[in-house]
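**Q** work27.cif is the file, holding mmCIF, C-alpha atoms and all ligand atoms:
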```
data_protein
#
loop_
_atom_site.group_PDB
_atom_site.id
_atom_site.type_symbol
_atom_site.label_atom_id
_atom_site.label_comp_id
_atom_site.auth_asym_id
_atom_site.auth_seq_id
_atom_site.Cartn_x
_atom_site.Cartn_y
_atom_site.Cartn_z
ATOM 1 C CA MET A 4 -23.960 -12.438 4.123
ATOM 2 C CA ALA A 5 -20.806 -11.445 2.315
ATOM 3 C CA MET A 6 -18.892 -14.390 3.749
ATOM 4 C CA VAL A 7 -21.535 -16.891 2.673
ATOM 5 C CA SER A 8 -21.734 -15.629 -0.880
ATOM 6 C CA ILE A 9 -17.977 -15.705 -1.256
ATOM 7 C CA SER A 10 -17.522 -19.266 -0.083
ATOM 8 C CA MET A 11 -20.487 -20.533 -2.078
ATOM 9 C CA ALA A 12 -19.385 -18.878 -5.265
ATOM 10 C CA ILE A 13 -15.781 -19.925 -4.984
ATOM 11 C CA GLY A 14 -16.555 -23.448 -3.883
ATOM 12 C CA VAL A 15 -13.044 -24.836 -3.803
ATOM 13 C CA ASN A 16 -11.860 -21.594 -2.305
ATOM 14 C CA THR A 17 -9.807 -20.479 -5.287
ATOM 15 C CA ALA A 18 -10.576 -19.301 -8.766
ATOM 16 C CA THR A 19 -9.025 -17.217 -11.495
ATOM 17 C CA PHE A 20 -10.833 -14.386 -13.144
ATOM 18 C CA PRO A 21 -9.399 -12.848 -16.263
ATOM 19 C CA SER A 22 -12.809 -11.516 -17.113
ATOM 20 C CA LEU A 23 -13.808 -10.507 -13.625
ATOM 21 C CA LYS A 24 -15.189 -7.012 -13.509
ATOM 22 C CA ARG A 25 -16.051 -4.989 -10.487
ATOM 23 C CA CYS A 26 -15.480 -7.686 -7.918
ATOM 24 C CA ARG A 27 -16.347 -6.282 -4.511
ATOM 25 C CA ARG A 28 -16.802 -7.916 -1.175
ATOM 26 C CA GLY A 29 -20.047 -9.822 -1.231
ATOM 27 C CA MET A 30 -20.812 -9.318 -4.907
ATOM 28 C CA ALA A 31 -19.816 -10.417 -8.391
ATOM 29 C CA PHE A 32 -18.101 -13.613 -7.316
ATOM 30 C CA ALA A 33 -20.492 -15.566 -9.465
ATOM 31 C CA SER A 34 -18.742 -14.120 -12.515
ATOM 32 C CA LEU A 35 -15.429 -15.770 -11.664
ATOM 33 C CA SER A 36 -13.804 -17.638 -14.484
ATOM 34 C CA THR A 37 -11.107 -20.283 -14.267
ATOM 35 C CA LYS A 38 -9.506 -19.855 -17.691
ATOM 36 C CA ALA A 39 -6.452 -17.745 -16.961
ATOM 37 C CA SER A 40 -3.597 -18.393 -14.658
ATOM 38 C CA GLY A 41 -1.782 -15.997 -12.421
ATOM 39 C CA VAL A 42 -4.679 -14.309 -10.624
ATOM 40 C CA ARG A 43 -7.130 -15.990 -8.312
ATOM 41 C CA VAL A 44 -9.444 -14.907 -5.575
ATOM 42 C CA THR A 45 -9.739 -16.653 -2.271
ATOM 43 C CA GLU A 46 -10.957 -16.060 1.250
ATOM 44 C CA GLY A 47 -8.371 -14.328 3.321
ATOM 45 C CA GLU A 48 -8.210 -13.708 7.049
ATOM 46 C CA GLY A 49 -11.574 -12.782 8.531
ATOM 47 C CA ASN A 50 -13.218 -14.230 5.392
ATOM 48 C CA LEU A 51 -12.295 -11.090 3.493
ATOM 49 C CA PRO A 52 -11.735 -11.531 -0.254
ATOM 50 C CA LYS A 53 -8.087 -11.706 -1.157
ATOM 51 C CA LEU A 54 -6.426 -11.774 -4.560
ATOM 52 C CA VAL A 55 -3.441 -14.055 -5.038
ATOM 53 C CA LEU A 56 -1.102 -13.189 -7.911
ATOM 54 C CA THR A 57 1.442 -15.751 -9.074
ATOM 55 C CA SER A 58 4.094 -15.296 -11.760
ATOM 56 C CA PRO A 59 5.502 -18.128 -13.863
ATOM 57 C CA ALA A 60 8.855 -17.617 -12.123
ATOM 58 C CA GLY A 61 7.229 -18.381 -8.786
ATOM 59 C CA SER A 62 6.872 -14.939 -7.243
ATOM 60 C CA GLU A 63 3.623 -14.286 -5.405
ATOM 61 C CA ALA A 64 1.633 -11.342 -4.065
ATOM 62 C CA GLU A 65 -1.574 -11.091 -2.070
ATOM 63 C CA ILE A 66 -3.985 -8.164 -2.071
ATOM 64 C CA TYR A 67 -7.019 -7.608 0.127
ATOM 65 C CA LEU A 68 -9.864 -5.728 -1.543
ATOM 66 C CA PHE A 69 -10.535 -4.187 1.845
ATOM 67 C CA GLY A 70 -8.209 -1.208 1.818
ATOM 68 C CA GLY A 71 -6.769 -2.233 -1.571
ATOM 69 C CA CYS A 72 -3.962 -3.498 0.645
ATOM 70 C CA ILE A 73 -1.094 -5.636 -0.671
ATOM 71 C CA THR A 74 -0.228 -7.830 2.300
ATOM 72 C CA SER A 75 2.383 -10.176 0.876
ATOM 73 C CA TRP A 76 5.141 -10.152 -1.745
ATOM 74 C CA LYS A 77 7.417 -13.149 -2.146
ATOM 75 C CA VAL A 78 10.094 -13.563 -4.781
ATOM 76 C CA PRO A 79 10.960 -17.081 -5.996
ATOM 77 C CA GLY A 80 12.443 -19.105 -3.183
ATOM 78 C CA GLY A 81 12.417 -16.103 -0.886
ATOM 79 C CA ARG A 82 10.714 -15.060 2.288
ATOM 80 C CA ASP A 83 7.898 -12.543 2.397
ATOM 81 C CA LEU A 84 9.432 -9.105 1.899
ATOM 82 C CA LEU A 85 6.397 -7.374 3.386
ATOM 83 C CA PHE A 86 5.236 -7.501 6.983
ATOM 84 C CA VAL A 87 1.819 -7.614 8.578
ATOM 85 C CA ARG A 88 1.750 -6.664 12.231
ATOM 86 C CA PRO A 89 0.646 -9.391 14.655
ATOM 87 C CA ASP A 90 -2.018 -7.016 15.991
ATOM 88 C CA ALA A 91 -3.529 -6.514 12.520
ATOM 89 C CA VAL A 92 -7.262 -7.108 12.400
ATOM 90 C CA PHE A 93 -9.147 -8.376 9.388
ATOM 91 C CA ASN A 94 -12.666 -7.357 10.285
ATOM 92 C CA GLY A 95 -13.475 -5.153 7.312
ATOM 93 C CA LYS A 96 -13.737 -2.148 9.592
ATOM 94 C CA LYS A 97 -10.315 -1.244 10.922
ATOM 95 C CA PRO A 98 -7.471 -0.779 8.457
ATOM 96 C CA ILE A 99 -5.144 -3.729 7.942
ATOM 97 C CA SER A 100 -1.945 -2.854 9.803
ATOM 98 C CA GLY A 101 0.696 -4.136 7.477
ATOM 99 C CA GLY A 102 1.685 -4.679 3.883
ATOM 100 C CA VAL A 103 1.088 -1.651 1.690
ATOM 101 C CA PRO A 104 -1.819 0.353 3.120
ATOM 102 C CA HIS A 105 -3.061 3.435 1.301
ATOM 103 C CA CYS A 106 -3.020 6.814 2.985
ATOM 104 C CA PHE A 107 -5.585 8.914 1.093
ATOM 105 C CA PRO A 108 -6.849 11.635 0.888
ATOM 106 C CA GLN A 109 -4.785 12.725 3.863
ATOM 107 C CA PHE A 110 -1.391 11.583 5.070
ATOM 108 C CA GLY A 111 -2.011 13.198 8.429
ATOM 109 C CA PRO A 112 -2.228 14.443 11.005
ATOM 110 C CA GLY A 113 -5.074 16.622 9.745
ATOM 111 C CA PRO A 114 -8.776 17.304 9.879
ATOM 112 C CA ILE A 115 -9.968 13.788 9.043
ATOM 113 C CA GLN A 116 -8.953 10.405 10.447
ATOM 114 C CA GLN A 117 -5.228 9.594 10.511
ATOM 115 C CA HIS A 118 -4.099 8.503 7.011
ATOM 116 C CA GLY A 119 -7.571 9.059 5.531
ATOM 117 C CA PHE A 120 -10.264 6.573 4.588
ATOM 118 C CA ALA A 121 -8.960 4.650 1.554
ATOM 119 C CA ARG A 122 -7.452 1.996 3.802
ATOM 120 C CA ASN A 123 -10.834 1.244 5.400
ATOM 121 C CA MET A 124 -12.962 0.982 2.289
ATOM 122 C CA ASP A 125 -13.679 -1.849 -0.119
ATOM 123 C CA TRP A 126 -11.840 -1.455 -3.386
ATOM 124 C CA ALA A 127 -13.174 -3.263 -6.473
ATOM 125 C CA VAL A 128 -11.372 -5.219 -9.173
ATOM 126 C CA VAL A 129 -11.967 -3.539 -12.526
ATOM 127 C CA ASP A 130 -9.432 -5.312 -14.682
ATOM 128 C CA SER A 131 -7.011 -8.213 -14.693
ATOM 129 C CA GLU A 132 -4.565 -9.260 -17.388
ATOM 130 C CA ASN A 133 -1.755 -11.694 -17.791
ATOM 131 C CA PRO A 134 0.622 -10.459 -20.495
ATOM 132 C CA GLU A 135 3.624 -12.776 -20.848
ATOM 133 C CA GLY A 136 2.261 -14.735 -17.917
ATOM 134 C CA ASN A 137 2.865 -11.985 -15.397
ATOM 135 C CA PRO A 138 -0.287 -10.955 -13.554
ATOM 136 C CA ILE A 139 -1.616 -7.415 -13.470
ATOM 137 C CA VAL A 140 -4.726 -6.373 -11.585
ATOM 138 C CA THR A 141 -6.373 -2.987 -11.356
ATOM 139 C CA LEU A 142 -8.485 -2.005 -8.366
ATOM 140 C CA GLU A 143 -10.669 1.048 -8.085
ATOM 141 C CA LEU A 144 -12.079 3.172 -5.319
ATOM 142 C CA LYS A 145 -14.795 5.780 -5.654
ATOM 143 C CA ASP A 146 -16.396 8.157 -3.214
ATOM 144 C CA ASP A 147 -19.458 6.923 -1.380
ATOM 145 C CA PRO A 148 -21.543 8.225 1.530
ATOM 146 C CA TYR A 149 -18.899 6.996 4.001
ATOM 147 C CA SER A 150 -16.086 8.934 2.310
ATOM 148 C CA ARG A 151 -18.235 11.970 1.571
ATOM 149 C CA ALA A 152 -19.183 12.300 5.230
ATOM 150 C CA MET A 153 -15.476 12.998 5.857
ATOM 151 C CA TRP A 154 -14.346 14.535 2.582
ATOM 152 C CA ASP A 155 -17.188 15.790 0.448
ATOM 153 C CA PHE A 156 -15.743 15.311 -3.032
ATOM 154 C CA SER A 157 -16.298 12.972 -5.934
ATOM 155 C CA PHE A 158 -13.139 11.089 -6.946
ATOM 156 C CA HIS A 159 -12.066 7.977 -8.793
ATOM 157 C CA ALA A 160 -8.856 6.171 -7.829
ATOM 158 C CA LEU A 161 -7.244 3.313 -9.751
ATOM 159 C CA PHE A 162 -4.520 1.118 -8.272
ATOM 160 C CA LYS A 163 -2.731 -1.091 -10.789
ATOM 161 C CA VAL A 164 -0.511 -3.833 -9.361
ATOM 162 C CA THR A 165 1.976 -5.712 -11.540
ATOM 163 C CA LEU A 166 3.902 -8.751 -10.342
ATOM 164 C CA ASN A 167 7.053 -9.853 -12.144
ATOM 165 C CA ALA A 168 9.680 -12.409 -11.189
ATOM 166 C CA LYS A 169 11.613 -10.086 -8.922
ATOM 167 C CA SER A 170 9.533 -6.936 -8.747
ATOM 168 C CA LEU A 171 6.215 -5.561 -7.618
ATOM 169 C CA SER A 172 4.984 -2.350 -9.239
ATOM 170 C CA THR A 173 2.039 -0.204 -8.362
ATOM 171 C CA GLU A 174 0.516 2.720 -10.185
ATOM 172 C CA LEU A 175 -1.944 4.926 -8.337
ATOM 173 C CA THR A 176 -4.114 7.312 -10.325
ATOM 174 C CA VAL A 177 -6.508 9.759 -8.711
ATOM 175 C CA LYS A 178 -9.054 11.583 -10.828
ATOM 176 C CA ASN A 179 -11.184 14.502 -9.776
ATOM 177 C CA THR A 180 -14.708 13.549 -10.875
ATOM 178 C CA ASP A 181 -16.243 16.463 -9.011
ATOM 179 C CA LYS A 182 -17.368 19.812 -10.348
ATOM 180 C CA ILE A 183 -14.984 21.705 -8.120
ATOM 181 C CA ALA A 184 -11.275 21.468 -7.381
ATOM 182 C CA PHE A 185 -9.952 19.443 -4.457
ATOM 183 C CA SER A 186 -6.588 18.795 -2.886
ATOM 184 C CA PHE A 187 -5.197 15.770 -1.080
ATOM 185 C CA SER A 188 -2.061 14.219 0.336
ATOM 186 C CA THR A 189 -1.289 10.527 0.060
ATOM 187 C CA ALA A 190 1.221 7.764 0.724
ATOM 188 C CA LEU A 191 1.880 4.077 0.362
ATOM 189 C CA HIS A 192 2.598 3.136 3.963
ATOM 190 C CA THR A 193 4.749 0.117 3.101
ATOM 191 C CA TYR A 194 5.725 -2.224 5.932
ATOM 192 C CA PHE A 195 8.894 -4.134 5.014
ATOM 193 C CA ARG A 196 9.905 -7.236 6.926
ATOM 194 C CA ALA A 197 13.236 -6.431 8.573
ATOM 195 C CA SER A 198 15.581 -6.987 11.424
ATOM 196 C CA VAL A 199 15.379 -3.464 12.765
ATOM 197 C CA SER A 200 18.838 -3.486 14.300
ATOM 198 C CA GLY A 201 20.406 -4.297 10.920
ATOM 199 C CA ALA A 202 18.041 -2.349 8.663
ATOM 200 C CA SER A 203 19.079 0.812 6.837
ATOM 201 C CA VAL A 204 17.963 3.083 4.015
ATOM 202 C CA LYS A 205 20.208 4.815 1.480
ATOM 203 C CA GLY A 206 19.293 7.690 -0.797
ATOM 204 C CA LEU A 207 17.966 10.262 1.663
ATOM 205 C CA LYS A 208 21.069 12.368 2.243
ATOM 206 C CA GLY A 209 20.483 16.059 1.641
ATOM 207 C CA CYS A 210 16.690 15.917 2.003
ATOM 208 C CA LYS A 211 14.838 18.440 4.078
ATOM 209 C CA THR A 212 13.308 16.548 6.997
ATOM 210 C CA LEU A 213 10.204 17.012 9.110
ATOM 211 C CA ASN A 214 10.840 15.003 12.245
ATOM 212 C CA LYS A 215 7.508 14.045 13.821
ATOM 213 C CA ASP A 216 9.241 12.911 16.991
ATOM 214 C CA PRO A 217 8.308 14.034 19.617
ATOM 215 C CA ASP A 218 5.213 15.902 18.360
ATOM 216 C CA PRO A 219 3.625 14.798 15.052
ATOM 217 C CA LYS A 220 1.558 17.983 14.967
ATOM 218 C CA ASN A 221 4.624 20.195 15.257
ATOM 219 C CA PRO A 222 7.357 18.494 13.239
ATOM 220 C CA VAL A 223 10.894 19.780 13.626
ATOM 221 C CA GLU A 224 12.547 20.891 10.384
ATOM 222 C CA GLY A 225 16.040 19.668 9.615
ATOM 223 C CA LYS A 226 18.272 18.202 6.946
ATOM 224 C CA GLU A 227 19.387 14.596 6.558
ATOM 225 C CA GLU A 228 23.175 14.409 6.710
ATOM 226 C CA ARG A 229 23.556 10.634 6.753
ATOM 227 C CA ASP A 230 24.337 8.459 3.730
ATOM 228 C CA VAL A 231 22.844 5.492 5.504
ATOM 229 C CA VAL A 232 19.849 6.021 7.760
ATOM 230 C CA THR A 233 19.314 3.429 10.493
ATOM 231 C CA PHE A 234 16.590 2.721 13.048
ATOM 232 C CA PRO A 235 18.279 2.866 16.452
ATOM 233 C CA GLY A 236 15.087 3.852 18.301
ATOM 234 C CA PHE A 237 11.727 5.484 17.624
ATOM 235 C CA VAL A 238 11.715 6.894 14.068
ATOM 236 C CA ASP A 239 8.934 8.998 12.522
ATOM 237 C CA CYS A 240 10.367 11.324 9.921
ATOM 238 C CA VAL A 241 9.206 12.859 6.641
ATOM 239 C CA TYR A 242 11.789 13.432 3.884
ATOM 240 C CA LEU A 243 10.774 16.111 1.399
ATOM 241 C CA ASP A 244 11.816 15.921 -2.275
ATOM 242 C CA ALA A 245 13.401 12.536 -1.807
ATOM 243 C CA SER A 246 15.316 10.684 -4.480
ATOM 244 C CA SER A 247 13.447 8.653 -7.078
ATOM 245 C CA GLU A 248 15.296 5.567 -5.810
ATOM 246 C CA LEU A 249 15.922 4.440 -2.250
ATOM 247 C CA GLN A 250 17.702 1.262 -1.256
ATOM 248 C CA LEU A 251 16.522 -0.671 1.747
ATOM 249 C CA ASP A 252 18.794 -3.198 3.417
ATOM 250 C CA ASN A 253 16.284 -5.142 5.484
ATOM 251 C CA GLY A 254 18.962 -6.585 7.758
ATOM 252 C CA LEU A 255 17.846 -10.074 6.779
ATOM 253 C CA GLY A 256 20.025 -10.404 3.696
ATOM 254 C CA ASP A 257 17.802 -8.648 1.161
ATOM 255 C CA LEU A 258 18.497 -5.392 -0.662
ATOM 256 C CA VAL A 259 15.253 -3.885 -1.881
ATOM 257 C CA SER A 260 15.253 -1.134 -4.494
ATOM 258 C CA ILE A 261 12.366 1.295 -4.018
ATOM 259 C CA LYS A 262 12.000 3.363 -7.189
ATOM 260 C CA ASN A 263 9.269 5.823 -7.848
ATOM 261 C CA THR A 264 7.835 8.307 -10.277
ATOM 262 C CA ASN A 265 5.957 11.257 -8.822
ATOM 263 C CA TRP A 266 5.983 10.102 -5.213
ATOM 264 C CA SER A 267 8.002 13.174 -4.333
ATOM 265 C CA ASP A 268 8.462 12.539 -0.624
ATOM 266 C CA ALA A 269 9.311 9.652 1.690
ATOM 267 C CA VAL A 270 8.574 8.707 5.288
ATOM 268 C CA LEU A 271 10.495 6.409 7.611
ATOM 269 C CA TRP A 272 8.674 4.975 10.586
ATOM 270 C CA ASN A 273 9.425 2.467 13.291
ATOM 271 C CA PRO A 274 7.410 2.596 16.518
ATOM 272 C CA TYR A 275 10.184 1.120 18.715
ATOM 273 C CA LEU A 276 8.896 0.402 22.248
ATOM 274 C CA GLN A 277 5.405 1.663 21.404
ATOM 275 C CA MET A 278 4.967 -1.738 19.747
ATOM 276 C CA GLN A 279 7.140 -4.019 21.791
ATOM 277 C CA ALA A 280 5.708 -7.182 20.258
ATOM 278 C CA CYS A 281 6.823 -6.452 16.707
ATOM 279 C CA TYR A 282 8.947 -3.336 16.249
ATOM 280 C CA LYS A 283 12.096 -5.428 15.775
ATOM 281 C CA ASP A 284 10.566 -7.195 12.797
ATOM 282 C CA PHE A 285 9.726 -4.360 10.373
ATOM 283 C CA VAL A 286 10.479 -0.885 9.141
ATOM 284 C CA CYS A 287 8.132 1.336 7.169
ATOM 285 C CA VAL A 288 9.630 3.064 4.141
ATOM 286 C CA GLU A 289 6.793 5.028 2.622
ATOM 287 C CA ASN A 290 6.563 6.750 -0.710
ATOM 288 C CA ALA A 291 4.469 9.818 -0.072
ATOM 289 C CA LYS A 292 3.093 13.055 -1.407
ATOM 290 C CA ILE A 293 3.051 15.223 1.686
ATOM 291 C CA GLY A 294 2.475 18.609 0.089
ATOM 292 C CA SER A 295 -1.060 18.736 -1.268
ATOM 293 C CA VAL A 296 -1.882 17.754 -4.814
ATOM 294 C CA GLN A 297 -4.464 20.144 -6.236
ATOM 295 C CA LEU A 298 -6.729 18.703 -8.919
ATOM 296 C CA GLU A 299 -9.212 20.638 -11.008
ATOM 297 C CA PRO A 300 -12.324 18.816 -12.279
ATOM 298 C CA GLU A 301 -11.364 16.016 -14.714
ATOM 299 C CA GLN A 302 -7.672 16.289 -13.852
ATOM 300 C CA THR A 303 -5.709 13.241 -12.769
ATOM 301 C CA TRP A 304 -2.556 12.588 -10.727
ATOM 302 C CA THR A 305 -0.501 9.428 -11.120
ATOM 303 C CA ALA A 306 2.427 7.991 -9.178
ATOM 304 C CA VAL A 307 4.350 4.749 -9.620
ATOM 305 C CA GLN A 308 6.222 2.694 -7.059
ATOM 306 C CA HIS A 309 8.543 -0.061 -8.256
ATOM 307 C CA LEU A 310 9.909 -2.482 -5.671
ATOM 308 C CA SER A 311 12.552 -4.904 -6.842
ATOM 309 C CA ILE A 312 15.168 -7.215 -5.520
ATOM 310 C CA GLY A 313 18.500 -8.019 -7.168
HETATM 311 O O1 LIG B 401 -1.017 3.610 13.342
HETATM 312 P P1 LIG B 401 -1.203 4.205 11.976
HETATM 313 O O2 LIG B 401 -2.400 5.096 11.852
HETATM 314 O O3 LIG B 401 -1.170 3.141 10.912
HETATM 315 O O4 LIG B 401 0.030 5.134 11.733
HETATM 316 C C1 LIG B 401 1.306 4.681 11.983
HETATM 317 C C2 LIG B 401 2.344 5.761 11.693
HETATM 318 O O5 LIG B 401 2.375 5.997 10.298
HETATM 319 C C3 LIG B 401 3.418 6.853 9.879
HETATM 320 O O6 LIG B 401 3.356 7.006 8.493
HETATM 321 C C4 LIG B 401 3.257 8.199 10.534
HETATM 322 O O7 LIG B 401 4.341 9.031 10.133
HETATM 323 C C5 LIG B 401 3.215 8.026 12.025
HETATM 324 O O8 LIG B 401 3.039 9.300 12.645
HETATM 325 C C6 LIG B 401 2.127 7.048 12.427
HETATM 326 O O9 LIG B 401 2.155 6.850 13.825
#
```
Take the structure I supplied and represent it as structure tokens, if you would.
**A**
Amino acid sequence: MAMVSISMAIGVNTATFPSLKRCRRGMAFASLSTKASGVRVTEGEGNLPKLVLTSPAGSEAEIYLFGGCITSWKVPGGRDLLFVRPDAVFNGKKPISGGVPHCFPQFGPGPIQQHGFARNMDWAVVDSENPEGNPIVTLELKDDPYSRAMWDFSFHALFKVTLNAKSLSTELTVKNTDKIAFSFSTALHTYFRASVSGASVKGLKGCKTLNKDPDPKNPVEGKEERDVVTFPGFVDCVYLDASSELQLDNGLGDLVSIKNTNWSDAVLWNPYLQMQACYKDFVCVENAKIGSVQLEPEQTWTAVQHLSIG
């Protein structure tokens, strides 16, 4: 049903929607407008709705409403800086394995499913703007029976994505709309395209580490002594109180600056031989909040990630 309504409403398969409100899978596509440039909706893989953001300079980003997942970010004349695993499924049930998946309300491991439920729910578009030609969209996620069966709290999350010529910014805001306090952990599980043998991350020296290899449930505490962290084998490590700017050399000729506000921690992950088909082609550098955020009713928490290329 959802697939039919999308293709019928879109017709030519693309549309822009400056006035689009609350666009969810299978609904609200009839309200698409074609007046503005820079944001359009189309059918993505598996017929899932996908937003395409384009800046006047020629940069481009793609976002699936399912999972609120940014799956592509290209700067003008450049390759895709993000990576989607070849085993990723786009069936609206399993999380999309690639791009920038959300981990919320649990980074994991923990009592609910690994990385929480935000990456397997439909987010909705609540706003889109185009100041100075550069597209900005805001998605939202609220609790529903599916989320409450796992985590019985009322919340409201907003995810604002801004595309500029050479940068991609996101702002995540979580509000406690319940009558009681709750706590959560969260991350942006960003998959960067890379040549793993040449990839490295700077900015982590001195951090306290929780190495999840070999046992994610019993991480080994340590301290990062290296200026430049590489990926010579399996890597699954949490960095506490990380710097507000990391630099990723993706080994393909790109230096990516990863700045943040309020994402206090970072995670590096590469599955090595656990994913023989693709481990050489990406590294995950994740901005995270590993220690719980406690929110009283009506309180909000906000964190910004700013990816840019020189
Ligand atoms: O396969 P998933 O659920 O996307 O998780 C992938 C990895 O994500 C990382 O963030 C975790 O630190 C790893 O422990 C985990 O294996």
**Q** With all atoms listed in the file counted and 10 Å as the cut-off, give the residues of chain A in contact with ligand LIG 401 (chain B), each with its shortest interatomic distance in Å and the pair that gives it, as a Markdown table.
**A**
```
| residue | atom | partner | partner_atom | distance |
| --- | --- | --- | --- | --- |
| A:Pro98 | CA | B:LIG401 | O3 | 7.8 |
| A:Ile99 | CA | B:LIG401 | O3 | 8.5 |
| A:Ser100 | CA | B:LIG401 | O3 | 6.1 |
| A:Gly101 | CA | B:LIG401 | O3 | 8.3 |
| A:Pro104 | CA | B:LIG401 | O3 | 8.3 |
| A:His105 | CA | B:LIG401 | O3 | 9.8 |
| A:Cys106 | CA | B:LIG401 | O6 | 8.4 |
| A:Phe110 | CA | B:LIG401 | O6 | 7.4 |
| A:Gly111 | CA | B:LIG401 | C4 | 7.6 |
| A:Pro112 | CA | B:LIG401 | O8 | 7.5 |
| A:Gln116 | CA | B:LIG401 | O2 | 8.5 |
| A:Gln117 | CA | B:LIG401 | O2 | 5.5 |
| A:His118 | CA | B:LIG401 | O2 | 6.2 |
| A:Gly119 | CA | B:LIG401 | O2 | 9.1 |
| A:Arg122 | CA | B:LIG401 | O3 | 9.6 |
| A:Ala190 | CA | B:LIG401 | O6 | 8.1 |
| A:Leu191 | CA | B:LIG401 | O6 | 8.8 |
| A:His192 | CA | B:LIG401 | O6 | 6.0 |
| A:Thr193 | CA | B:LIG401 | O6 | 8.9 |
| A:Tyr194 | CA | B:LIG401 | O6 | 9.9 |
| A:Leu213 | CA | B:LIG401 | O7 | 10.0 |
| A:Asn214 | CA | B:LIG401 | O7 | 9.1 |
| A:Lys215 | CA | B:LIG401 | O8 | 6.6 |
| A:Asp216 | CA | B:LIG401 | O8 | 8.4 |
| A:Pro217 | CA | B:LIG401 | O8 | 9.9 |
| A:Asp218 | CA | B:LIG401 | O8 | 9.0 |
| A:Pro219 | CA | B:LIG401 | O8 | 6.0 |
| A:Lys220 | CA | B:LIG401 | O8 | 9.1 |
| A:Val238 | CA | B:LIG401 | O7 | 8.6 |
| A:Asp239 | CA | B:LIG401 | O7 | 5.2 |
| A:Cys240 | CA | B:LIG401 | O7 | 6.5 |
| A:Val241 | CA | B:LIG401 | O7 | 7.1 |
| A:Ala269 | CA | B:LIG401 | O6 | 9.4 |
| A:Val270 | CA | B:LIG401 | O6 | 6.4 |
| A:Leu271 | CA | B:LIG401 | O7 | 7.1 |
| A:Trp272 | CA | B:LIG401 | C3 | 5.6 |
| A:Asn273 | CA | B:LIG401 | C2 | 8.0 |
| A:Pro274 | CA | B:LIG401 | O9 | 7.3 |
| A:Gln277 | CA | B:LIG401 | O9 | 9.7 |
| A:Cys287 | CA | B:LIG401 | O6 | 7.5 |
| A:Val288 | CA | B:LIG401 | O6 | 8.6 |
| A:Glu289 | CA | B:LIG401 | O6 | 7.1 |
| A:Asn290 | CA | B:LIG401 | O6 | 9.7 |
| A:Ala291 | CA | B:LIG401 | O6 | 9.1 |
```
**Q** Which value, in Å to one decimal, gives the distance between CA of His159 in chain A and CA of Ile261 in chain A?
**A**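 Pair CA of His159 in chain A / CA of Ile261 in chain A returns 25.8 Å.
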**Q** Work out how far CA of Leu161 in chain A is from CA of Pro300 in chain A, in Å to one decimal.
**A** 16.5 Å
**Q** If you measure from CA of Val296 in chain A to CA of Ser157 in chain A, what distance in Å do you get, rounded to one decimal?
**A**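 These two atoms are separated by 15.2 Å.
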**Q** Which residues come within 8 Å of range 242-259 of chain A, counting only C-alpha atoms, excluding same-chain residues fewer than 3 positions away, as a PyMOL selection string?
**A** chain A and resi 195-207+210-213+262-264+266-270+293+310-313
**Q** Which residue is closest to Asp147 in chain A? Choose from A:Glu135, A:Asp130, A:Glu65, A:Asp125 and count only C-alpha atoms.
**A**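 Distance minimum relative to Asp147 in chain A lands on A:Asp125.
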**Q** Quick one: apply the PyMOL selection byres (((chain A and resi 69) around 10) and not hetatm) to the file and drop the selected residues here as JSON, numbers by chain.
**A** {"A": [27, 28, 51, 52, 53, 66, 67, 68, 70, 71, 72, 73, 93, 94, 95, 96, 97, 98, 99, 104, 121, 122, 123, 124, 125, 126, 127]}
**Q** Could you check the closest approach to Lys283 in chain A for each of A:Glu301, A:Val78, A:Pro59, A:Gly236 and tell me which residue wins, using all atoms listed in the file?
**A** A:Gly236
**Q** For Gly113 in chain A, which residue among A:Phe187, A:Phe237, A:Phe86, A:Phe158 is the nearest when counting all atoms listed in the file?
**A**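 Closest to Gly113 in chain A of all the choices is A:Phe187.
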